[in-house]
>>> print(open('work-v4.txt').read())   # compact mmCIF, C-alpha atoms
# COMPACT_ATOMS: atom_id res chain seq x y z
CA MET T 1 0.00 0.00 0.00
CA LYS T 2 2.91 2.38 0.66
CA ASN T 3 4.39 2.10 -2.85
CA ILE T 4 1.73 4.01 -4.72
CA THR T 5 2.04 5.08 -8.34
CA LYS T 6 1.18 8.46 -9.78
CA SER T 7 -1.61 7.73 -12.24
CA ALA T 8 -5.33 7.96 -11.68
CA VAL T 9 -8.22 6.42 -13.61
CA ILE T 10 -11.94 6.88 -13.09
CA LEU T 11 -14.19 4.11 -14.36
CA SER T 12 -17.54 5.69 -13.65
CA ALA T 13 -19.41 3.32 -15.96
CA LEU T 14 -18.57 0.49 -13.58
CA GLY T 15 -19.24 2.57 -10.52
CA LEU T 16 -15.59 2.15 -9.49
CA LEU T 17 -13.31 5.05 -8.64
CA PHE T 18 -9.56 4.42 -8.56
CA TYR T 19 -6.93 6.73 -7.21
CA SER T 20 -3.25 6.02 -6.99
CA CYS T 21 -1.24 8.65 -5.21
CA ALA T 22 -0.47 9.22 -1.56
CA GLU T 23 -2.40 12.46 -1.47
CA ALA T 24 -4.27 13.46 -4.60
CA PRO T 25 -7.44 15.47 -5.02
CA ILE T 26 -10.23 13.50 -6.65
CA THR T 27 -13.37 15.10 -7.95
CA LEU T 28 -16.28 12.92 -6.93
CA GLU T 29 -19.62 13.52 -8.54
CA ALA T 30 -22.54 12.87 -6.24
CA LYS T 31 -24.70 10.60 -8.37
CA GLY T 32 -27.43 10.06 -5.86
CA LEU T 33 -30.68 11.72 -5.01
CA LEU T 34 -29.79 11.02 -1.38
CA PRO T 35 -26.46 10.85 0.47
CA GLU T 36 -24.40 7.91 -0.79
CA ILE T 37 -22.15 5.54 1.14
CA ILE T 38 -18.76 5.20 -0.58
CA ARG T 39 -16.60 2.14 0.08
CA ILE T 40 -12.77 2.14 0.10
CA PRO T 41 -11.11 -1.31 0.28
CA ILE T 42 -7.93 -1.05 2.35
CA GLY T 43 -7.00 -4.72 2.79
CA ALA T 44 -6.15 -6.67 5.90
CA THR T 45 -2.55 -5.42 6.06
CA GLN T 46 -3.24 -1.69 6.05
CA ALA T 47 -1.28 -0.33 9.00
CA ASN T 48 -1.77 3.40 8.62
CA PRO T 49 -5.23 4.92 8.78
CA LEU T 50 -6.58 6.97 5.93
CA GLU T 51 -7.24 10.64 6.15
CA ILE T 52 -10.11 11.96 4.06
CA LEU T 53 -10.20 15.71 3.55
CA LYS T 54 -12.99 17.65 1.90
CA ASN T 55 -12.04 20.76 -0.06
CA GLU T 56 -14.58 23.56 0.20
CA ASN T 57 -13.96 27.20 -0.66
CA GLY T 58 -10.23 26.66 -0.44
CA LYS T 59 -10.42 25.09 3.01
CA GLN T 60 -9.93 21.46 4.00
CA SER T 61 -11.91 19.68 6.69
CA ALA T 62 -11.74 16.09 7.85
CA VAL T 63 -14.49 13.74 6.73
CA ALA T 64 -15.64 11.09 9.22
CA TYR T 65 -15.36 7.48 8.19
CA GLN T 66 -15.76 4.07 9.80
CA GLN T 67 -13.91 0.84 9.23
CA ASP T 68 -15.98 -2.13 8.08
CA GLY T 69 -13.73 -5.18 7.99
CA GLU T 70 -11.25 -4.57 5.19
CA ASN T 71 -13.13 -1.50 3.97
CA ILE T 72 -13.57 2.13 4.93
CA LEU T 73 -17.05 3.64 4.62
CA TRP T 74 -17.83 7.33 4.33
CA LYS T 75 -20.81 9.37 3.24
CA LEU T 76 -21.01 11.65 0.19
CA ASP T 77 -23.83 14.18 0.26
CA PRO T 78 -25.44 15.22 -3.05
CA SER T 79 -24.56 18.82 -2.15
CA GLU T 80 -20.90 17.99 -1.52
CA SER T 81 -19.62 17.11 -4.98
CA GLY T 82 -16.10 18.39 -5.44
CA ALA T 83 -12.49 17.71 -4.72
CA VAL T 84 -11.67 15.24 -1.97
CA SER T 85 -8.11 14.44 -0.89
CA ILE T 86 -7.43 10.95 0.42
CA LYS T 87 -4.07 9.98 1.83
CA LEU T 88 -2.37 7.35 3.92
CA GLY T 89 -1.12 8.86 7.12
CA ASN T 90 -2.01 9.59 10.69
CA GLY T 91 -5.62 10.46 10.15
CA ASP T 92 -8.01 9.35 12.87
CA THR T 93 -11.33 10.59 11.58
CA GLU T 94 -12.98 7.30 12.52
CA ASN T 95 -12.95 8.55 16.08
CA THR T 96 -15.12 11.52 15.21
CA ALA T 97 -17.96 11.80 17.70
CA SER T 98 -20.97 9.77 16.61
CA ASP T 99 -24.61 10.82 16.63
CA LEU T 100 -25.50 7.12 16.82
CA GLU T 101 -26.10 5.34 20.10
CA MET T 102 -26.70 1.68 20.94
CA LYS T 103 -28.01 0.56 24.31
CA LYS T 104 -29.68 -2.39 26.01
CA GLU T 105 -32.59 -2.15 28.41
CA ASP T 106 -35.68 -4.16 29.34
CA GLY T 107 -34.79 -7.05 27.05
CA HIS T 108 -34.23 -5.10 23.88
CA LEU T 109 -31.31 -3.50 22.07
CA SER T 110 -32.06 0.02 20.82
CA ILE T 111 -30.35 2.08 18.13
CA LEU T 112 -30.84 5.83 18.36
CA TYR T 113 -29.75 8.71 16.15
CA ARG T 114 -29.48 12.19 17.62
CA GLY T 115 -31.53 11.02 20.57
CA LYS T 116 -34.39 9.56 18.53
CA LYS T 117 -35.05 5.83 18.59
CA LEU T 118 -34.88 4.22 15.14
CA MET T 119 -35.42 0.58 16.13
CA ASP T 120 -35.48 -2.04 18.89
CA TYR T 121 -34.29 -5.61 18.56
CA GLN T 122 -36.15 -7.76 21.09
CA TYR T 123 -33.75 -10.38 22.46
CA GLU T 124 -35.72 -11.44 25.53
CA VAL T 125 -38.91 -13.44 25.12
CA THR T 126 -42.13 -11.48 24.70
CA GLU T 127 -44.90 -13.44 26.36
CA ALA T 128 -48.25 -13.94 24.67
CA PRO T 129 -51.01 -11.50 25.68
CA GLU T 130 -52.97 -12.43 28.77
CA GLY T 131 -55.55 -15.11 28.03
CA VAL T 132 -53.87 -16.13 24.76
CA ASP T 133 -52.11 -19.46 24.12
CA PRO T 134 -48.56 -19.19 25.56
CA ALA T 135 -47.26 -20.81 22.34
CA TYR T 136 -47.36 -17.33 20.80
CA ARG T 137 -44.37 -16.19 22.89
CA ARG T 138 -41.28 -15.20 20.87
CA SER T 139 -37.93 -13.43 20.81
CA GLY T 140 -35.62 -12.31 18.01
CA TYR T 141 -37.56 -9.65 16.10
CA ILE T 142 -37.53 -5.90 15.41
CA HIS T 143 -40.19 -3.69 16.97
CA PRO T 144 -40.66 -0.84 16.94
CA LEU T 145 -39.20 0.13 13.61
CA ASN T 146 -39.53 3.91 13.48
CA THR T 147 -39.08 6.63 10.91
CA PRO T 148 -36.31 9.16 11.66
CA SER T 149 -38.87 11.31 13.51
CA GLU T 150 -39.94 8.29 15.64
CA GLN T 151 -43.17 7.52 13.81
CA ARG T 152 -43.85 3.81 14.36
CA LEU T 153 -44.04 1.56 11.27
CA THR T 154 -44.56 -1.89 12.89
CA ARG T 155 -46.90 -3.72 15.23
CA ILE T 156 -46.74 -7.02 17.12
CA GLN T 157 -49.23 -9.59 18.37
CA PRO T 158 -52.30 -8.16 16.58
CA LYS T 159 -55.47 -10.03 17.49
CA ASP T 160 -55.86 -11.33 13.94
CA HIS T 161 -52.33 -12.83 13.93
CA TYR T 162 -50.77 -13.10 17.38
CA HIS T 163 -47.67 -14.63 15.75
CA HIS T 164 -46.87 -11.47 13.76
CA TYR T 165 -43.82 -9.70 15.20
CA GLY T 166 -42.85 -6.44 13.49
CA ILE T 167 -39.92 -7.33 11.21
CA TRP T 168 -39.21 -11.06 11.46
CA ASN T 169 -38.34 -13.97 9.18
CA PRO T 170 -39.41 -17.53 10.07
CA TRP T 171 -40.16 -20.19 7.46
CA THR T 172 -43.65 -21.60 7.16
CA HIS T 173 -43.46 -24.96 5.38
CA THR T 174 -40.26 -26.97 5.89
CA LEU T 175 -39.11 -30.57 5.78
CA VAL T 176 -36.82 -31.50 8.67
CA GLU T 177 -35.71 -35.08 9.30
CA GLY T 178 -38.77 -36.46 7.57
CA ASP T 179 -41.32 -34.19 9.27
CA THR T 180 -43.01 -31.07 7.93
CA ILE T 181 -42.45 -28.27 10.45
CA ASP T 182 -44.02 -24.80 10.61
CA PHE T 183 -41.81 -22.20 12.32
CA TRP T 184 -44.17 -19.33 11.42
CA ASN T 185 -47.56 -20.30 12.86
CA LEU T 186 -46.52 -20.68 16.49
CA VAL T 187 -49.89 -21.96 17.69
CA LYS T 188 -49.19 -25.27 15.91
CA LYS T 189 -46.43 -25.88 18.47
CA GLU T 190 -44.23 -27.47 15.79
CA GLY T 191 -41.35 -25.02 15.78
CA THR T 192 -40.16 -21.59 16.81
CA VAL T 193 -37.24 -19.20 16.32
CA ARG T 194 -35.44 -17.74 19.32
CA PHE T 195 -32.58 -15.42 20.15
CA ALA T 196 -29.52 -17.31 21.47
CA LYS T 197 -26.76 -14.71 21.93
CA PHE T 198 -25.13 -11.60 20.55
CA LEU T 199 -21.98 -12.18 18.52
CA ASP T 200 -20.91 -8.60 17.87
CA GLN T 201 -21.94 -4.97 18.41
CA LYS T 202 -20.35 -1.80 17.05
CA THR T 203 -21.17 1.88 16.75
CA GLY T 204 -19.32 4.67 14.96
CA PRO T 205 -19.88 7.89 13.01
CA ILE T 206 -21.29 6.11 9.94
CA PHE T 207 -23.26 3.09 11.20
CA SER T 208 -24.37 1.01 14.19
CA GLU T 209 -24.50 -2.76 13.84
CA TYR T 210 -25.20 -5.90 15.82
CA SER T 211 -24.98 -9.61 15.01
CA ALA T 212 -27.21 -12.10 16.77
CA LEU T 213 -27.41 -15.88 16.67
CA GLN T 214 -30.99 -17.09 16.28
CA GLU T 215 -31.94 -20.74 16.60
CA HIS T 216 -34.68 -22.48 14.63
CA VAL T 217 -36.04 -25.05 17.06
CA VAL T 218 -38.25 -28.08 16.40
CA LEU T 219 -40.75 -28.76 19.22
CA LYS T 220 -41.58 -32.45 19.26
CA ASN T 221 -42.72 -34.94 21.92
CA GLY T 222 -42.03 -32.46 24.69
CA ALA T 223 -38.44 -31.96 23.55
CA GLU T 224 -36.59 -29.21 21.68
CA LYS T 225 -34.06 -29.67 18.89
CA ILE T 226 -32.08 -26.94 17.16
CA VAL T 227 -32.07 -27.71 13.43
CA LEU T 228 -30.99 -24.45 11.80
CA ASN T 229 -28.64 -21.70 12.97
CA GLU T 230 -29.20 -18.19 11.71
CA VAL T 231 -26.75 -15.34 12.18
CA GLN T 232 -28.59 -12.10 11.59
CA THR T 233 -26.45 -8.99 11.17
CA VAL T 234 -28.40 -5.74 11.22
CA ARG T 235 -26.91 -2.35 10.39
CA VAL T 236 -28.39 1.14 10.73
CA THR T 237 -26.83 3.89 8.56
CA PRO T 238 -28.34 7.38 8.83
CA LEU T 239 -28.27 9.31 5.56
CA ASP T 240 -29.86 12.61 6.56
CA ALA T 241 -32.54 13.94 8.90
CA SER T 242 -35.31 12.17 6.95
CA HIS T 243 -33.75 8.90 5.71
CA TYR T 244 -31.75 5.96 7.01
CA LEU T 245 -30.72 2.54 5.76
CA LEU T 246 -31.55 -0.67 7.62
CA ASP T 247 -29.45 -3.55 6.26
CA PHE T 248 -29.91 -7.25 6.96
CA VAL T 249 -27.37 -9.99 6.26
CA ILE T 250 -28.94 -13.34 7.17
CA ASP T 251 -26.64 -16.38 7.18
CA TYR T 252 -28.10 -19.89 7.52
CA GLU T 253 -26.29 -23.13 8.41
CA CYS T 254 -27.79 -26.51 9.23
CA ALA T 255 -27.37 -27.34 12.91
CA THR T 256 -27.45 -31.11 12.34
CA GLU T 257 -26.12 -33.55 9.75
CA GLN T 258 -29.52 -33.51 8.04
CA PRO T 259 -30.61 -31.03 5.34
CA PHE T 260 -33.19 -28.34 6.00
CA LYS T 261 -35.65 -28.08 3.12
CA ILE T 262 -37.88 -25.05 2.74
CA ILE T 263 -40.91 -26.15 0.75
CA LYS T 264 -42.68 -23.86 -1.68
CA TYR T 265 -45.38 -21.89 0.14
CA ARG T 266 -47.28 -18.65 -0.41
CA TYR T 267 -45.57 -16.77 2.44
CA GLY T 268 -42.51 -17.09 4.66
CA GLY T 269 -39.16 -15.45 5.22
CA PHE T 270 -38.49 -11.70 5.48
CA GLY T 271 -41.79 -10.12 6.56
CA TRP T 272 -43.14 -6.80 7.81
CA ARG T 273 -46.42 -6.41 9.70
CA THR T 274 -47.07 -2.73 9.31
CA THR T 275 -48.52 -0.19 11.69
CA GLU T 276 -52.23 -0.29 12.46
CA PHE T 277 -52.42 3.35 11.36
CA TRP T 278 -52.53 2.21 7.74
CA ASP T 279 -55.50 1.01 5.72
CA ASN T 280 -56.45 0.94 2.04
CA LYS T 281 -57.44 4.60 2.10
CA ASN T 282 -54.28 6.15 3.52
CA SER T 283 -51.43 3.84 2.48
CA ARG T 284 -49.59 2.76 -0.65
CA VAL T 285 -47.84 -0.26 -2.11
CA LEU T 286 -45.71 0.21 -5.23
CA SER T 287 -43.22 -2.34 -6.56
CA SER T 288 -40.26 -1.97 -8.90
CA GLU T 289 -42.45 -3.47 -11.63
CA GLY T 290 -45.20 -0.91 -11.13
CA MET T 291 -47.55 -3.18 -9.18
CA THR T 292 -49.75 -1.75 -6.42
CA HIS T 293 -51.76 -2.95 -3.44
CA LYS T 294 -54.35 -4.23 -5.92
CA ASN T 295 -52.07 -6.56 -7.87
CA ALA T 296 -48.58 -6.83 -6.31
CA ASP T 297 -49.21 -10.16 -4.55
CA GLY T 298 -47.53 -13.02 -6.39
CA THR T 299 -45.46 -10.79 -8.65
CA THR T 300 -41.67 -10.49 -8.41
CA ALA T 301 -39.80 -7.34 -7.46
CA ARG T 302 -36.38 -5.88 -6.81
CA TRP T 303 -37.93 -3.37 -4.41
CA CYS T 304 -41.29 -2.47 -2.95
CA ILE T 305 -42.44 0.83 -1.43
CA VAL T 306 -44.83 0.56 1.52
CA ASP T 307 -45.85 3.87 3.08
CA GLY T 308 -48.74 6.01 4.20
CA ALA T 309 -50.21 8.50 6.64
CA LEU T 310 -48.94 8.50 10.23
CA PRO T 311 -50.07 10.42 13.33
CA GLU T 312 -47.62 13.17 12.34
CA GLY T 313 -47.21 13.45 8.58
CA LYS T 314 -46.29 10.53 6.32
CA GLY T 315 -43.57 7.91 6.18
CA GLY T 316 -42.65 4.36 5.29
CA ALA T 317 -39.89 2.20 3.85
CA VAL T 318 -38.63 0.70 0.62
CA MET T 319 -37.99 -3.04 0.99
CA MET T 320 -35.13 -4.21 -1.25
CA SER T 321 -33.91 -7.66 -2.27
CA HIS T 322 -30.25 -8.12 -3.17
CA PRO T 323 -29.55 -9.59 -6.64
CA ASP T 324 -27.47 -12.38 -5.06
CA ASN T 325 -30.46 -13.65 -3.09
CA TYR T 326 -31.94 -17.05 -3.86
CA ASN T 327 -34.84 -16.75 -6.34
CA HIS T 328 -34.20 -13.06 -7.03
CA PRO T 329 -36.14 -11.01 -8.07
CA GLU T 330 -38.19 -12.32 -5.19
CA PRO T 331 -41.91 -13.05 -5.18
CA LEU T 332 -44.03 -10.75 -3.03
CA ARG T 333 -46.69 -11.66 -0.55
CA ILE T 334 -48.90 -8.59 -0.12
CA TRP T 335 -52.19 -8.91 1.72
CA PRO T 336 -55.33 -8.18 -0.34
CA GLU T 337 -56.50 -4.60 -0.57
CA ASP T 338 -59.65 -5.44 1.42
CA GLN T 339 -57.91 -7.43 4.19
CA TYR T 340 -60.22 -7.46 7.23
CA GLY T 341 -62.44 -4.97 5.44
CA ARG T 342 -60.04 -2.07 5.96
CA GLY T 343 -56.90 -3.06 4.09
CA ASP T 344 -54.45 -3.97 6.83
CA LEU T 345 -50.95 -4.31 5.41
CA PHE T 346 -48.50 -7.18 5.54
CA ALA T 347 -45.53 -7.16 3.14
CA ASN T 348 -43.22 -10.13 2.61
CA MET T 349 -40.26 -10.90 0.36
CA ALA T 350 -41.43 -14.51 0.03
CA THR T 351 -38.28 -16.22 -1.29
CA THR T 352 -39.89 -19.66 -1.57
CA LYS T 353 -43.33 -18.63 -2.82
CA THR T 354 -42.57 -20.22 -6.18
CA THR T 355 -39.86 -22.79 -5.48
CA ASP T 356 -38.32 -25.11 -2.88
CA TRP T 357 -34.94 -24.29 -1.31
CA LEU T 358 -32.67 -27.03 0.01
CA LEU T 359 -30.11 -26.05 2.67
CA GLU T 360 -27.42 -28.73 2.95
CA PRO T 361 -25.19 -29.49 5.96
CA GLY T 362 -21.74 -27.95 5.88
CA LYS T 363 -22.76 -25.05 3.64
CA LYS T 364 -23.68 -21.45 4.40
CA TYR T 365 -26.58 -19.70 2.68
CA THR T 366 -27.05 -15.94 2.72
CA LEU T 367 -29.94 -13.58 2.13
CA ARG T 368 -29.45 -9.80 2.04
CA TYR T 369 -32.16 -7.19 2.40
CA ARG T 370 -32.19 -3.43 2.78
CA MET T 371 -34.90 -1.08 3.95
CA LEU T 372 -34.70 2.62 3.15
CA VAL T 373 -36.75 4.11 5.98
CA TYR T 374 -38.04 7.65 5.66
CA ASP T 375 -40.29 10.45 6.79
CA GLY T 376 -42.41 12.06 4.10
CA GLU T 377 -42.94 10.53 0.66
CA MET T 378 -40.88 8.35 -1.67
CA SER T 379 -40.71 8.53 -5.46
CA PRO T 380 -40.09 5.43 -7.60
CA GLU T 381 -37.08 7.23 -9.09
CA VAL T 382 -35.40 7.55 -5.69
CA ALA T 383 -36.37 3.97 -4.79
CA ASP T 384 -34.83 2.67 -8.00
CA TRP T 385 -31.64 4.67 -7.48
CA ALA T 386 -31.43 3.41 -3.88
CA TRP T 387 -31.77 -0.21 -5.02
CA GLY T 388 -28.96 0.35 -7.52
CA ALA T 389 -26.73 1.71 -4.76
CA PHE T 390 -27.56 -1.43 -2.74
CA ALA T 391 -26.96 -3.83 -5.62
CA GLN T 392 -23.72 -2.21 -6.79
CA PRO T 393 -22.30 0.35 -4.35
CA ARG T 394 -19.64 2.74 -5.56
CA VAL T 395 -16.12 1.65 -4.64
CA LEU T 396 -13.03 3.85 -4.45
CA ARG T 397 -10.02 1.60 -4.82
CA LEU T 398 -6.47 2.26 -3.66
CA GLU T 399 -4.22 1.07 -6.45
CA LYS T 400 -0.71 -0.13 -5.66
>>> encode(input="work-v4.txt", output="structure tokens")
Amino acid sequence: MKNITKSAVILSALGLLFYSCAEAPITLEAKGLLPEIIRIPIGATQANPLEILKNENGKQSAVAYQQDGENILWKLDPSESGAVSIKLGNGDTENTASDLEMKKEDGHLSILYRGKKLMDYQYEVTEAPEGVDPAYRRSGYIHPLNTPSEQRLTRIQPKDHYHHYGIWNPWTHTLVEGDTIDFWNLVKKEGTVRFAKFLDQKTGPIFSEYSALQEHVVLKNGAEKIVLNEVQTVRVTPLDASHYLLDFVIDYECATEQPFKIIKYRYGGFGWRTTEFWDNKNSRVLSSEGMTHKNADGTTARWCIVDGALPEGKGGAVMMSHPDNYNHPEPLRIWPEDQYGRGDLFANMATTKTTDWLLEPGKKYTLRYRMLVYDGEMSPEVADWAWGAFAQPRVLRLEK
């Protein structure tokens, strides 16, 4: 890394930016309609931190960044196009004070930005409501999921579906050691998913992230057996006062020497039970293929907008499926427009709606999702740009 040449090439068509001098100004064009996260691979052997300096009106100021494994992440605002100097040296801008906060209390892990709660991950068991079958108890889900202004977008344990838990992702129809097991409909008492332990937590100026081990457990003959391990890594990246990214990396590995087969079914996997504030008169569904609440169910999509009126203004989220996901573009499960007579909303990237999926022992399987969460309204143009930034983020490469 220290022996750096003097040439520079920009390959904007590929979304890759290369620079190759120890301290050279690079003019970066903000392509996005929102702030964009730029990635700089630094490798495992990088000893000296980078220093990123923004040039504005002849003055330089340090730009905050955060290390992400063998990469550096920093944020480029649409209004900040211009010369940026990047050098190897004694920079320590990763230690810039963060507006993000992560804390644990009352059985949940919270992520806040500038004092406002964006989400809770519930790691302790939530018991079923009083008078309801205790089988509906669960842990390992996100609720509340809030807009940047703390408008709630999720609900749990609604009377029509006590097993609905905010943002959660069990499988409905599976074949495990010769038995069909339902991990979604808890009242069947066949299977459940539970939080086991945290594996990692980190917070910095760019993002907050946690990794949790979740166990898929078969309930049979009064005994419990873990058959599938899931490591769920969740990252929150604020973009501006009205938008943030919520990223999910979900890794699956069989917990036994037997395969775990997910059988084709009309729903299952990454799901969102939306706020009770929404109905078919004040909310919207719009997919990347132009489908709406009337006709989106059963179609495939790269992304899907779900938003509507809230107690204070409007808000919602764009659900995005990564192109590397199994069965991408993924089938959607969207409840009918007249659900329960008022149009309650449930949105699901139903990976196995149209096909089986066999998970074999000794292999790891990964699903990636992103939610762009926002206050206000969302245009399909911004949603499509945001999916592109998810599918192929811009990379600034240090060239030896």
>>> closest_residue(input="work-v4.txt", among="T:Val382, T:Ala223, T:Leu33, T:Met119", to="T:Arg235", atoms="all atoms listed in the file")
T:Met119
>>> atom_distance(input="work-v4.txt", atom1="atom CA of T:Ile156", atom2="atom CA of T:Met102")
22.2 Å
>>> atom_distance(input="work-v4.txt", atom1="atom CA of T:Gly341", atom2="atom CA of T:Gly269")
25.5 Å
>>> residues_near_point(input="work-v4.txt", point="(-34.6, -0.5, 6.8)", cutoff="8 Å", atoms="all atoms listed in the file", output="PyMOL selection string")
chain T and resi 236+244-247+317-319+370-373
>>> residues_around(input="work-v4.txt", residues="stretch 270-282 of chain T", least_positions_apart="2", cutoff="6 Å", atoms="only C-alpha atoms", output="ChimeraX atom specification")
/T:153-155,166-169,308-309,342-349
>>> closest_residue(input="work-v4.txt", among="T:Asp297, T:Glu289, T:Asp68, T:Asp160", to="T:Ala383", atoms="all atoms listed in the file")
T:Glu289
>>> decode(input="work-v4.txt", residues="stretch 302-340 of chain T", atoms="C-alpha atoms", output="short mmCIF file (atom, residue, chain, number, x, y, z; two decimals), in the first residue's frame")
data_model
loop_
_atom_site.label_atom_id
_atom_site.label_comp_id
_atom_site.auth_asym_id
_atom_site.auth_seq_id
_atom_site.Cartn_x
_atom_site.Cartn_y
_atom_site.Cartn_z
CA ARG T 302 -36.38 -5.88 -6.81
CA TRP T 303 -37.93 -3.37 -4.41
CA CYS T 304 -41.29 -2.47 -2.95
CA ILE T 305 -42.44 0.83 -1.43
CA VAL T 306 -44.83 0.56 1.52
CA ASP T 307 -45.85 3.87 3.08
CA GLY T 308 -48.74 6.01 4.20
CA ALA T 309 -50.21 8.50 6.64
CA LEU T 310 -48.94 8.50 10.23
CA PRO T 311 -50.07 10.42 13.33
CA GLU T 312 -47.62 13.17 12.34
CA GLY T 313 -47.21 13.45 8.58
CA LYS T 314 -46.29 10.53 6.32
CA GLY T 315 -43.57 7.91 6.18
CA GLY T 316 -42.65 4.36 5.29
CA ALA T 317 -39.89 2.20 3.85
CA VAL T 318 -38.63 0.70 0.62
CA MET T 319 -37.99 -3.04 0.99
CA MET T 320 -35.13 -4.21 -1.25
CA SER T 321 -33.91 -7.66 -2.27
CA HIS T 322 -30.25 -8.12 -3.17
CA PRO T 323 -29.55 -9.59 -6.64
CA ASP T 324 -27.47 -12.38 -5.06
CA ASN T 325 -30.46 -13.65 -3.09
CA TYR T 326 -31.94 -17.05 -3.86
CA ASN T 327 -34.84 -16.75 -6.34
CA HIS T 328 -34.20 -13.06 -7.03
CA PRO T 329 -36.14 -11.01 -8.07
CA GLU T 330 -38.19 -12.32 -5.19
CA PRO T 331 -41.91 -13.05 -5.18
CA LEU T 332 -44.03 -10.75 -3.03
CA ARG T 333 -46.69 -11.66 -0.55
CA ILE T 334 -48.90 -8.59 -0.12
CA TRP T 335 -52.19 -8.91 1.72
CA PRO T 336 -55.33 -8.18 -0.34
CA GLU T 337 -56.50 -4.60 -0.57
CA ASP T 338 -59.65 -5.44 1.42
CA GLN T 339 -57.91 -7.43 4.19
CA TYR T 340 -60.22 -7.46 7.23
#
